[in-house]
Each structure stands twice: as C-alpha cells, then as structure tokens.
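Colleague: Submitted below is the structure of interest, expressed as structure tokens.
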Amino acid sequence: MIVAERKPMAEIIEMVKDCSRVLVLACRGCVTVCSAGGEREAAALASLIRLGMKKQGKTIQVIEGSLVRQCDKEYIDAIDAWDGQYDAIVSTACGVGVNFIANLRKKTVVYPALNTTFFGGSTEQGIWTEQCAGCGNCVLHLTGGLCPVARCAKSLMNGPCGGSVGGRCEINKNTECIWQSIHDRLGSFGRGSQMEAIAPIRDWSTAGHGGPRKTVRDDLTIS
Amino acid sequence: MSFEPKITLFSCHYASQQSCAEKGKELQQLGFPATITLVRVPCTGKIQVTTLLQAFEDGADGVYVVGCPVDGCHNVKGSVRAAKRVAAVKKALEELDVESGRIEMFHLPRGLHPEFVAAGVAMDKKIRTLGPSPFQS
C-alpha cells in the first residue's frame, strides 16, 4: 500500500488560515489501512483544525467527508455533493489523491494533509516499512523476493557493500542489510551461486528518471 | 478574577467505583474537586483521540483519563491503549503550541482508594496553574 503520515499541524493551519469553511476529505483506500488518512484520522484532523484556528482567535467551519478512493475519476466526481459548502478541500489522501482532485476540478482549491512517504507494508501493528520503490523494472526474481532498490540504502545491484556488518547497514544500524538477507535467503534455497552473477548497469529510465510515467492498456481503453 | 477551571475526566468503570459510593456523595466528602466532570466509560481502551479532542472543543481547560493499572487492566490492554491515545493528543497539543500537560493519563487500582481523589486534586492544581484553555476564543 501507499504509506503516509499527517503533516505537522502548524503547516496545515497555515494552509487554511484564510478559509472560513473547509472540507476535510478522507480516503478509504491505502491511507485508511495505514491509519493516516481514513475517516477516523480525518475526524481527528477536523477537530485539530477547529482547535488550531480557535487558538488564533478565528472560527472555521469544518465539514467531513470521505471517498472510496481519491485516485479514480468516478469517485472524484462525488465531490459534487459538497459543492458550495467549502472554500478549500483538505485531503487526507496520498499525493495521488490530491493531484487527482487538482487535475479534475479546475476551480477547487485543494491542500494536502499528509506527507506521502513510501510503498510499504505493516511489519507489526503500528509499524510500516518500505518494501518497494516502484522503479518499473522489477528484479525480485533474482534476489529471492527481497528488493535491493527499495531496501538497500544505496540501491546497490551488486551487494552487499563493504559497510555491511553483522547483517546491519552502515547507514543505519537499525536497518537490516538487505543484501545479507538476499544472500542468506538464496542460500537457503540452494541458489547462493546467483549472488555471483554480475548485474549490469541499470537503466533507471523506468524509475521516473525519464519523466512522469504512464501505463496504457489498449485492451482496457475505450476511445 | 479567580479562574475556575473546567476539567473533564474519563474514567473506566473499575477505577471510578468510588464515584458511586454513598450515592455519589463520597467523592465530594473526600475533597474531590467540583471543577471535574466525570465521564464513566466501560473501558478507557474505547476512548478515541477524537473523544479527547472533543472535550477540549467543548470548553475543557484540562482533560485526564483514569484507567486500570498497566499490568492489571480488566480488559488486558485497555488502559495501555488509552495511554497511547493520551500521548497522541499530547503530541497534537504541542504541535498547536499548547501545553501538553493539559491532558494526562493515570493508572489507578480499582475500588475505594485515596489515589483517585489525589489525581483529581493534582489535575485541578495543575490546570489552575496553566490557566484558561487557549482554545476559548
């Protein structure tokens, strides 16, 4: 899922300081699962916006809403239901949701309530870790299912580096050396010799270095 | 002009049994501050962040939660969950540049005991020192 976390309240209050009515719009997709921008978090944010504005001696009307997702046109269209009731939307979706609202609603002012952080999963309750970098050229079949692009601090393709000590990364001792884990895992399958293959210089154009990416499925498009 | 604080207490059914003694009169007799409004809940683990924030929105100058001891919660982890939510509100108050001491968590044993009154007296004293809530425009 896409993992995110709420922005500092001072930043959010600064965004809405000139508004008298805002719609705090939750997303029931990924950010609900990572407890950053679902209905519960949006309700808390709405309360904090009211309190923050009150502290500045201002009043603000905050209404709450939610969409199934904020990354599909069909759901964004449902924002029509709140037309005329807000000066700006404070979206608790990931950056994709905020962009979609901005793309599709030319006259709507939209602000992000979250910092979108990474593609990850919950390794234990309340803890999420990055697992995928969305690089567009997956090598997991060569690395025992563990991603060196996202999980090696240097995104090395031929690891481990000389800074790997005791299975930990030299950048941060709390981080596992994913190349050590790849080595151990491939070895457990009797495929340790895969580590000896030299990965070629990587083409990063699929990773966004060639500009914004786009996927077109001709079998699904209508026009 | 003297300041009479409004304090909201959320307490679990077990830790606040004292509030029922003597037809609810015992707490007053023991000096429990009249500034405190007690909201009894089945378990503090059920209290959401929004519930605590709403108390401030409703005009509380201070809020505190009384739940079971950490290692003796009737519902195993309820009071630990409550403590984490209180901590989350403390952090949010700091983000709004408001004293985090306006909200506190207490873990107290069940039944009739002086600590329940003492916690109330301590909160009353602290909120009087902090003054009126900055959320009251």
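Chain lettering (A, B, ...) mirrors the order of the structure tokens, residue numbering begins at 1 for each chain separately, and ligand numbering begins at 1 in order of display.
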Give me, as JSON lines, the closest atom pair and its distance (Å, one decimal) for every residue of chain B within a cut-off of 7 Å of chain A, counting only C-alpha atoms, rows sorted by chain and rising number.
Modeller:
{"residue": "B:Val49", "atom": "CA", "partner": "A:Ala44", "partner_atom": "CA", "distance": 6.6}
{"residue": "B:Thr50", "atom": "CA", "partner": "A:Ala44", "partner_atom": "CA", "distance": 5.1}
{"residue": "B:Leu53", "atom": "CA", "partner": "A:Ser47", "partner_atom": "CA", "distance": 6.5}
{"residue": "B:Glu57", "atom": "CA", "partner": "A:Leu51", "partner_atom": "CA", "distance": 6.6}
{"residue": "B:Glu95", "atom": "CA", "partner": "A:Met9", "partner_atom": "CA", "distance": 5.7}
{"residue": "B:Leu96", "atom": "CA", "partner": "A:Gly52", "partner_atom": "CA", "distance": 6.0}
{"residue": "B:Pro134", "atom": "CA", "partner": "A:Lys55", "partner_atom": "CA", "distance": 5.5}
{"residue": "B:Phe135", "atom": "CA", "partner": "A:Lys55", "partner_atom": "CA", "distance": 4.7}
{"residue": "B:Gln136", "atom": "CA", "partner": "A:Lys54", "partner_atom": "CA", "distance": 6.9}
{"residue": "B:Ser137", "atom": "CA", "partner": "A:Gly57", "partner_atom": "CA", "distance": 5.4}
Colleague: Write the residues you've just listed into a file as a short mmCIF file (atom, residue, chain, number, x, y, z; two decimals), in the first residue's frame, and include C-alpha atoms for each of them.
Modeller:
data_model
loop_
_atom_site.label_atom_id
_atom_site.label_comp_id
_atom_site.auth_asym_id
_atom_site.auth_seq_id
_atom_site.Cartn_x
_atom_site.Cartn_y
_atom_site.Cartn_z
CA VAL B 49 -8.43 10.56 20.10
CA THR B 50 -11.46 12.39 18.75
CA LEU B 53 -10.16 16.43 21.41
CA GLU B 57 -13.66 21.68 21.79
CA GLU B 95 2.01 20.89 17.54
CA LEU B 96 -0.59 23.57 18.21
CA PRO B 134 -6.15 28.79 24.80
CA PHE B 135 -8.93 27.26 22.71
CA GLN B 136 -11.54 29.53 24.22
CA SER B 137 -11.86 32.47 21.91
#
Colleague: Set the distance at 12 Å and use only C-alpha atoms: which residues neighbour Glu115 in chain B once local chain neighbours fewer than 5 positions away are removed? I'd like the list as a ChimeraX atom specification.
Modeller: /B:15-16,18,27,30-32,66,106-110,120-122
Colleague: Restricting the calculation to only C-alpha atoms, which member of B:Val80, B:Cys73, B:Ala34, B:Leu130 is positioned closest to Ile103 in chain B?
Modeller: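 Comparing B:Val80, B:Cys73, B:Ala34, B:Leu130 against Ile103 in chain B, the winner is B:Leu130.
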Colleague: Work out how far apart CA of Tyr75 in chain A and CA of Lys107 in chain A are and give it in Å to one decimal.
Modeller: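 These atoms are spaced 17.3 Å apart.
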Colleague: Could you tell me, as number ranges by chain, which residues of range 111-157 of chain A DSSP assigns to strand (DSSP E or B) when given the backbone?
Modeller: A: 111-112, 114-124, 127-132
Colleague: For Val3 in chain A, list every protein, DNA or RNA residue within 10 Å, evaluated using only C-alpha atoms, and leave out those in the same chain fewer than 2 positions away; present the list as a short mmCIF file (atom, residue, chain, number, x, y, z; two decimals) with N, CA and C atoms, in the first residue's frame.
Modeller:
data_model
loop_
_atom_site.label_atom_id
_atom_site.label_comp_id
_atom_site.auth_asym_id
_atom_site.auth_seq_id
_atom_site.Cartn_x
_atom_site.Cartn_y
_atom_site.Cartn_z
N MET A 1 0.84 -1.19 0.00
CA MET A 1 0.00 0.00 0.00
C MET A 1 0.87 1.25 0.00
N GLU A 5 1.86 9.90 6.33
CA GLU A 5 1.70 10.37 7.71
C GLU A 5 1.23 11.81 7.71
N CYS A 30 -5.65 3.15 0.64
CA CYS A 30 -4.40 2.80 1.36
C CYS A 30 -4.22 3.56 2.66
N VAL A 31 -4.53 4.86 2.65
CA VAL A 31 -4.25 5.68 3.84
C VAL A 31 -5.19 5.37 5.01
N THR A 32 -6.28 4.66 4.72
CA THR A 32 -7.09 4.16 5.82
C THR A 32 -6.38 2.98 6.47
N VAL A 33 -5.82 2.12 5.61
CA VAL A 33 -5.14 0.92 6.12
C VAL A 33 -3.91 1.31 6.94
N CYS A 34 -3.20 2.36 6.52
CA CYS A 34 -2.01 2.75 7.29
C CYS A 34 -2.35 3.82 8.33
N SER A 35 -3.65 3.97 8.61
CA SER A 35 -4.10 4.84 9.72
C SER A 35 -3.57 6.26 9.64
N ALA A 36 -3.49 6.78 8.41
CA ALA A 36 -3.03 8.16 8.25
C ALA A 36 -4.15 9.08 7.77
N GLY A 37 -5.02 8.55 6.92
CA GLY A 37 -5.99 9.46 6.30
C GLY A 37 -7.37 8.86 6.08
N CYS A 94 -3.31 10.24 -0.20
CA CYS A 94 -1.89 10.36 -0.56
C CYS A 94 -1.77 11.44 -1.63
N LEU A 114 -1.39 15.21 4.27
CA LEU A 114 -0.41 14.16 4.56
C LEU A 114 0.89 14.35 3.80
N ASN A 115 1.94 13.80 4.35
CA ASN A 115 3.17 13.60 3.59
C ASN A 115 3.16 12.15 3.14
N THR A 116 3.18 11.94 1.84
CA THR A 116 3.19 10.57 1.30
C THR A 116 4.63 10.07 1.36
N THR A 117 4.82 8.91 1.97
CA THR A 117 6.18 8.51 2.28
C THR A 117 6.73 7.38 1.40
N PHE A 118 6.02 6.26 1.34
CA PHE A 118 6.60 5.14 0.56
C PHE A 118 5.55 4.06 0.27
N PHE A 119 5.98 3.09 -0.57
CA PHE A 119 5.18 1.87 -0.77
C PHE A 119 5.66 0.88 0.28
N GLY A 120 4.77 0.44 1.12
CA GLY A 120 5.24 -0.47 2.16
C GLY A 120 4.15 -1.34 2.72
N GLY A 121 4.47 -1.97 3.82
CA GLY A 121 3.51 -2.84 4.48
C GLY A 121 3.71 -2.74 5.98
N SER A 122 2.74 -3.27 6.71
CA SER A 122 2.81 -3.23 8.17
C SER A 122 3.55 -4.46 8.66
N TRP A 128 5.18 0.50 9.89
CA TRP A 128 5.17 0.25 8.46
C TRP A 128 6.60 0.41 7.93
N THR A 129 6.96 -0.42 6.99
CA THR A 129 8.31 -0.30 6.43
C THR A 129 8.25 -0.32 4.92
N GLU A 130 9.22 0.35 4.31
CA GLU A 130 9.28 0.44 2.86
C GLU A 130 9.71 -0.90 2.28
#
Colleague: Could you give me the residues within chain A that DSSP places in alpha helix (DSSP H), as a PyMOL selection string?
Modeller: chain A and resi 9-16+30-33+39-55+73-76+95-104+148-151+178-188
Colleague: What would the file look like if the residues just selected were written as a PDB file, in the first residue's frame with C-alpha atoms?
Modeller:
ATOM      1  CA  MET A   9      -0.444  20.864  12.345  1.00  0.00           C
ATOM      2  CA  ALA A  10       1.331  24.213  12.029  1.00  0.00           C
ATOM      3  CA  GLU A  11       1.743  23.536   8.306  1.00  0.00           C
ATOM      4  CA  ILE A  12      -1.906  22.575   7.881  1.00  0.00           C
ATOM      5  CA  ILE A  13      -3.175  25.558   9.877  1.00  0.00           C
ATOM      6  CA  GLU A  14      -1.037  27.845   7.723  1.00  0.00           C
ATOM      7  CA  MET A  15      -2.717  26.398   4.600  1.00  0.00           C
ATOM      8  CA  VAL A  16      -6.260  27.028   5.826  1.00  0.00           C
ATOM      9  CA  CYS A  30      -4.398   2.803   1.356  1.00  0.00           C
ATOM     10  CA  VAL A  31      -4.254   5.677   3.841  1.00  0.00           C
ATOM     11  CA  THR A  32      -7.093   4.160   5.822  1.00  0.00           C
ATOM     12  CA  VAL A  33      -5.141   0.924   6.120  1.00  0.00           C
ATOM     13  CA  GLU A  39     -12.352   8.573   8.320  1.00  0.00           C
ATOM     14  CA  ARG A  40     -11.058   8.267  11.889  1.00  0.00           C
ATOM     15  CA  GLU A  41      -7.929  10.294  11.189  1.00  0.00           C
ATOM     16  CA  ALA A  42      -9.922  12.855   9.192  1.00  0.00           C
ATOM     17  CA  ALA A  43     -12.246  13.351  12.182  1.00  0.00           C
ATOM     18  CA  ALA A  44      -9.265  13.969  14.452  1.00  0.00           C
ATOM     19  CA  LEU A  45      -7.783  16.366  11.908  1.00  0.00           C
ATOM     20  CA  ALA A  46     -11.064  18.260  11.623  1.00  0.00           C
ATOM     21  CA  SER A  47     -11.064  18.702  15.382  1.00  0.00           C
ATOM     22  CA  LEU A  48      -7.441  19.838  15.417  1.00  0.00           C
ATOM     23  CA  ILE A  49      -8.101  22.374  12.650  1.00  0.00           C
ATOM     24  CA  ARG A  50     -11.021  23.822  14.625  1.00  0.00           C
ATOM     25  CA  LEU A  51      -8.905  23.975  17.790  1.00  0.00           C
ATOM     26  CA  GLY A  52      -5.888  25.419  15.973  1.00  0.00           C
ATOM     27  CA  MET A  53      -7.950  28.163  14.374  1.00  0.00           C
ATOM     28  CA  LYS A  54      -9.734  28.864  17.643  1.00  0.00           C
ATOM     29  CA  LYS A  55      -6.370  29.355  19.315  1.00  0.00           C
ATOM     30  CA  LYS A  73     -12.360   9.985 -11.700  1.00  0.00           C
ATOM     31  CA  GLU A  74     -15.610   8.244 -10.788  1.00  0.00           C
ATOM     32  CA  TYR A  75     -15.021   8.814  -7.092  1.00  0.00           C
ATOM     33  CA  ILE A  76     -13.666  12.353  -7.502  1.00  0.00           C
ATOM     34  CA  GLY A  95      -0.352  12.715  -3.089  1.00  0.00           C
ATOM     35  CA  VAL A  96      -2.116  10.860  -5.884  1.00  0.00           C
ATOM     36  CA  GLY A  97      -5.498  11.829  -4.490  1.00  0.00           C
ATOM     37  CA  VAL A  98      -4.560  15.482  -4.150  1.00  0.00           C
ATOM     38  CA  ASN A  99      -3.283  15.506  -7.733  1.00  0.00           C
ATOM     39  CA  PHE A 100      -6.460  13.860  -8.989  1.00  0.00           C
ATOM     40  CA  ILE A 101      -8.642  16.475  -7.314  1.00  0.00           C
ATOM     41  CA  ALA A 102      -6.447  19.225  -8.781  1.00  0.00           C
ATOM     42  CA  ASN A 103      -6.487  17.592 -12.230  1.00  0.00           C
ATOM     43  CA  LEU A 104     -10.222  17.101 -12.377  1.00  0.00           C
ATOM     44  CA  PRO A 148      17.603  -4.071  -3.178  1.00  0.00           C
ATOM     45  CA  VAL A 149      16.274  -0.931  -4.873  1.00  0.00           C
ATOM     46  CA  ALA A 150      13.954  -0.023  -2.000  1.00  0.00           C
ATOM     47  CA  ARG A 151      15.629  -1.759   0.908  1.00  0.00           C
ATOM     48  CA  ILE A 178      19.063  -6.442   2.613  1.00  0.00           C
ATOM     49  CA  TRP A 179      21.930  -7.891   0.575  1.00  0.00           C
ATOM     50  CA  GLN A 180      22.925 -10.037   3.557  1.00  0.00           C
ATOM     51  CA  SER A 181      19.303 -11.179   3.747  1.00  0.00           C
ATOM     52  CA  ILE A 182      19.250 -11.852  -0.010  1.00  0.00           C
ATOM     53  CA  HIS A 183      22.432 -13.905   0.365  1.00  0.00           C
ATOM     54  CA  ASP A 184      21.020 -15.888   3.269  1.00  0.00           C
ATOM     55  CA  ARG A 185      17.676 -16.467   1.591  1.00  0.00           C
ATOM     56  CA  LEU A 186      19.083 -17.543  -1.773  1.00  0.00           C
ATOM     57  CA  GLY A 187      21.473 -19.840   0.113  1.00  0.00           C
ATOM     58  CA  SER A 188      18.603 -21.470   1.958  1.00  0.00           C
TER      59      SER A 188
END
Colleague: If we count only C-alpha atoms, what is near Val62 in chain A at a cut-off of 7 Å, once residues fewer than 6 positions away on the same chain are taken out, given as a list of chain:residue names?
Modeller: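 Close residues of Val62 in chain A: A:Arg21, A:Val22, A:Leu23, A:Val24, A:Ala46.
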Colleague: Hey, can you spit out that residue selection with C-alpha atoms as a PDB file, in the first residue's frame?
Modeller:
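Result file is again35.pdb:
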ATOM      1  CA  ARG A  21     -15.109  26.707   5.575  1.00  0.00           C
ATOM      2  CA  VAL A  22     -13.101  23.622   4.692  1.00  0.00           C
ATOM      3  CA  LEU A  23     -13.968  20.093   3.689  1.00  0.00           C
ATOM      4  CA  VAL A  24     -11.670  17.515   5.268  1.00  0.00           C
ATOM      5  CA  ALA A  46     -11.064  18.260  11.623  1.00  0.00           C
TER       6      ALA A  46
END
Colleague: For Lys125 in chain B, work out the shell of residues within 12 Å, counting only C-alpha atoms and skipping chain neighbours fewer than 2 positions away, then give it as a list of chain:residue names.
Modeller: B:Phe3, B:Glu4, B:Pro5, B:Lys6, B:Ile7, B:Phe32, B:Pro33, B:Thr35, B:Ile36, B:Asp61, B:Gly62, B:Gly101, B:Arg102, B:Ala118, B:Ala119, B:Gly120, B:Val121, B:Ala122, B:Met123, B:Ile127, B:Arg128, B:Thr129, B:Leu130, B:Gly131
Colleague: Go ahead and write the residues just picked, N, CA and C atoms, as a PDB file, in the first residue's frame.
Modeller:
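part11.pdb was written with the following content:
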ATOM      1  N   PHE B   3      -9.878  32.099  38.618  1.00  0.00           N
ATOM      2  CA  PHE B   3     -10.170  31.208  37.492  1.00  0.00           C
ATOM      3  C   PHE B   3     -10.666  29.872  38.015  1.00  0.00           C
ATOM      4  N   GLU B   4     -11.862  29.486  37.611  1.00  0.00           N
ATOM      5  CA  GLU B   4     -12.413  28.183  37.979  1.00  0.00           C
ATOM      6  C   GLU B   4     -12.330  27.279  36.762  1.00  0.00           C
ATOM      7  N   PRO B   5     -11.410  26.346  36.767  1.00  0.00           N
ATOM      8  CA  PRO B   5     -11.229  25.523  35.567  1.00  0.00           C
ATOM      9  C   PRO B   5     -12.384  24.554  35.320  1.00  0.00           C
ATOM     10  N   LYS B   6     -12.492  24.187  34.048  1.00  0.00           N
ATOM     11  CA  LYS B   6     -13.407  23.098  33.659  1.00  0.00           C
ATOM     12  C   LYS B   6     -12.525  21.921  33.277  1.00  0.00           C
ATOM     13  N   ILE B   7     -12.674  20.846  34.005  1.00  0.00           N
ATOM     14  CA  ILE B   7     -11.826  19.670  33.744  1.00  0.00           C
ATOM     15  C   ILE B   7     -12.716  18.473  33.452  1.00  0.00           C
ATOM     16  N   PHE B  32     -12.889  15.726  46.504  1.00  0.00           N
ATOM     17  CA  PHE B  32     -12.714  15.642  45.052  1.00  0.00           C
ATOM     18  C   PHE B  32     -13.162  16.977  44.450  1.00  0.00           C
ATOM     19  N   PRO B  33     -12.328  17.608  43.634  1.00  0.00           N
ATOM     20  CA  PRO B  33     -12.651  18.959  43.150  1.00  0.00           C
ATOM     21  C   PRO B  33     -13.968  19.021  42.380  1.00  0.00           C
ATOM     22  N   THR B  35     -14.574  21.051  40.192  1.00  0.00           N
ATOM     23  CA  THR B  35     -14.272  21.528  38.831  1.00  0.00           C
ATOM     24  C   THR B  35     -14.223  20.377  37.833  1.00  0.00           C
ATOM     25  N   ILE B  36     -14.282  19.155  38.335  1.00  0.00           N
ATOM     26  CA  ILE B  36     -14.100  17.985  37.469  1.00  0.00           C
ATOM     27  C   ILE B  36     -15.437  17.338  37.118  1.00  0.00           C
ATOM     28  N   ASP B  61     -10.707  23.015  30.082  1.00  0.00           N
ATOM     29  CA  ASP B  61      -9.372  23.605  30.229  1.00  0.00           C
ATOM     30  C   ASP B  61      -8.329  22.498  30.409  1.00  0.00           C
ATOM     31  N   GLY B  62      -8.787  21.372  30.886  1.00  0.00           N
ATOM     32  CA  GLY B  62      -7.913  20.224  31.077  1.00  0.00           C
ATOM     33  C   GLY B  62      -8.708  18.943  30.942  1.00  0.00           C
ATOM     34  N   GLY B 101       0.592  19.379  29.124  1.00  0.00           N
ATOM     35  CA  GLY B 101       0.129  18.985  30.458  1.00  0.00           C
ATOM     36  C   GLY B 101      -1.351  19.198  30.678  1.00  0.00           C
ATOM     37  N   ARG B 102      -2.013  19.753  29.681  1.00  0.00           N
ATOM     38  CA  ARG B 102      -3.466  19.926  29.818  1.00  0.00           C
ATOM     39  C   ARG B 102      -4.207  18.598  29.691  1.00  0.00           C
ATOM     40  N   ALA B 118      -6.712  12.001  44.901  1.00  0.00           N
ATOM     41  CA  ALA B 118      -5.426  12.708  44.780  1.00  0.00           C
ATOM     42  C   ALA B 118      -5.143  13.102  43.330  1.00  0.00           C
ATOM     43  N   ALA B 119      -5.481  12.216  42.394  1.00  0.00           N
ATOM     44  CA  ALA B 119      -5.265  12.518  40.973  1.00  0.00           C
ATOM     45  C   ALA B 119      -6.112  13.719  40.559  1.00  0.00           C
ATOM     46  N   GLY B 120      -7.345  13.742  41.036  1.00  0.00           N
ATOM     47  CA  GLY B 120      -8.231  14.871  40.725  1.00  0.00           C
ATOM     48  C   GLY B 120      -7.709  16.172  41.298  1.00  0.00           C
ATOM     49  N   VAL B 121      -7.234  16.110  42.530  1.00  0.00           N
ATOM     50  CA  VAL B 121      -6.689  17.312  43.179  1.00  0.00           C
ATOM     51  C   VAL B 121      -5.452  17.797  42.418  1.00  0.00           C
ATOM     52  N   ALA B 122      -4.614  16.845  41.987  1.00  0.00           N
ATOM     53  CA  ALA B 122      -3.394  17.207  41.245  1.00  0.00           C
ATOM     54  C   ALA B 122      -3.745  17.867  39.909  1.00  0.00           C
ATOM     55  N   MET B 123      -4.743  17.314  39.232  1.00  0.00           N
ATOM     56  CA  MET B 123      -5.140  17.900  37.934  1.00  0.00           C
ATOM     57  C   MET B 123      -5.732  19.293  38.135  1.00  0.00           C
ATOM     58  N   ILE B 127      -4.134  22.584  36.348  1.00  0.00           N
ATOM     59  CA  ILE B 127      -4.880  23.389  35.367  1.00  0.00           C
ATOM     60  C   ILE B 127      -5.079  24.815  35.885  1.00  0.00           C
ATOM     61  N   ARG B 128      -5.227  24.951  37.192  1.00  0.00           N
ATOM     62  CA  ARG B 128      -5.305  26.308  37.743  1.00  0.00           C
ATOM     63  C   ARG B 128      -4.011  27.060  37.462  1.00  0.00           C
ATOM     64  N   THR B 129      -2.878  26.345  37.541  1.00  0.00           N
ATOM     65  CA  THR B 129      -1.582  26.975  37.269  1.00  0.00           C
ATOM     66  C   THR B 129      -1.451  27.339  35.789  1.00  0.00           C
ATOM     67  N   LEU B 130      -1.916  26.431  34.926  1.00  0.00           N
ATOM     68  CA  LEU B 130      -1.796  26.678  33.470  1.00  0.00           C
ATOM     69  C   LEU B 130      -2.736  27.787  33.008  1.00  0.00           C
ATOM     70  N   GLY B 131      -3.847  27.923  33.692  1.00  0.00           N
ATOM     71  CA  GLY B 131      -4.799  28.968  33.311  1.00  0.00           C
ATOM     72  C   GLY B 131      -5.825  28.484  32.304  1.00  0.00           C
TER      73      GLY B 131
END
Colleague: What's the 10 Å shell around Ser11 in chain B, counting only C-alpha atoms, without same-chain residues fewer than 2 positions away, as an NGL selection string?
Modeller: :B and (8-9 or 13-17 or 38-44 or 47 or 64-68 or 79 or 105-108 or 116)
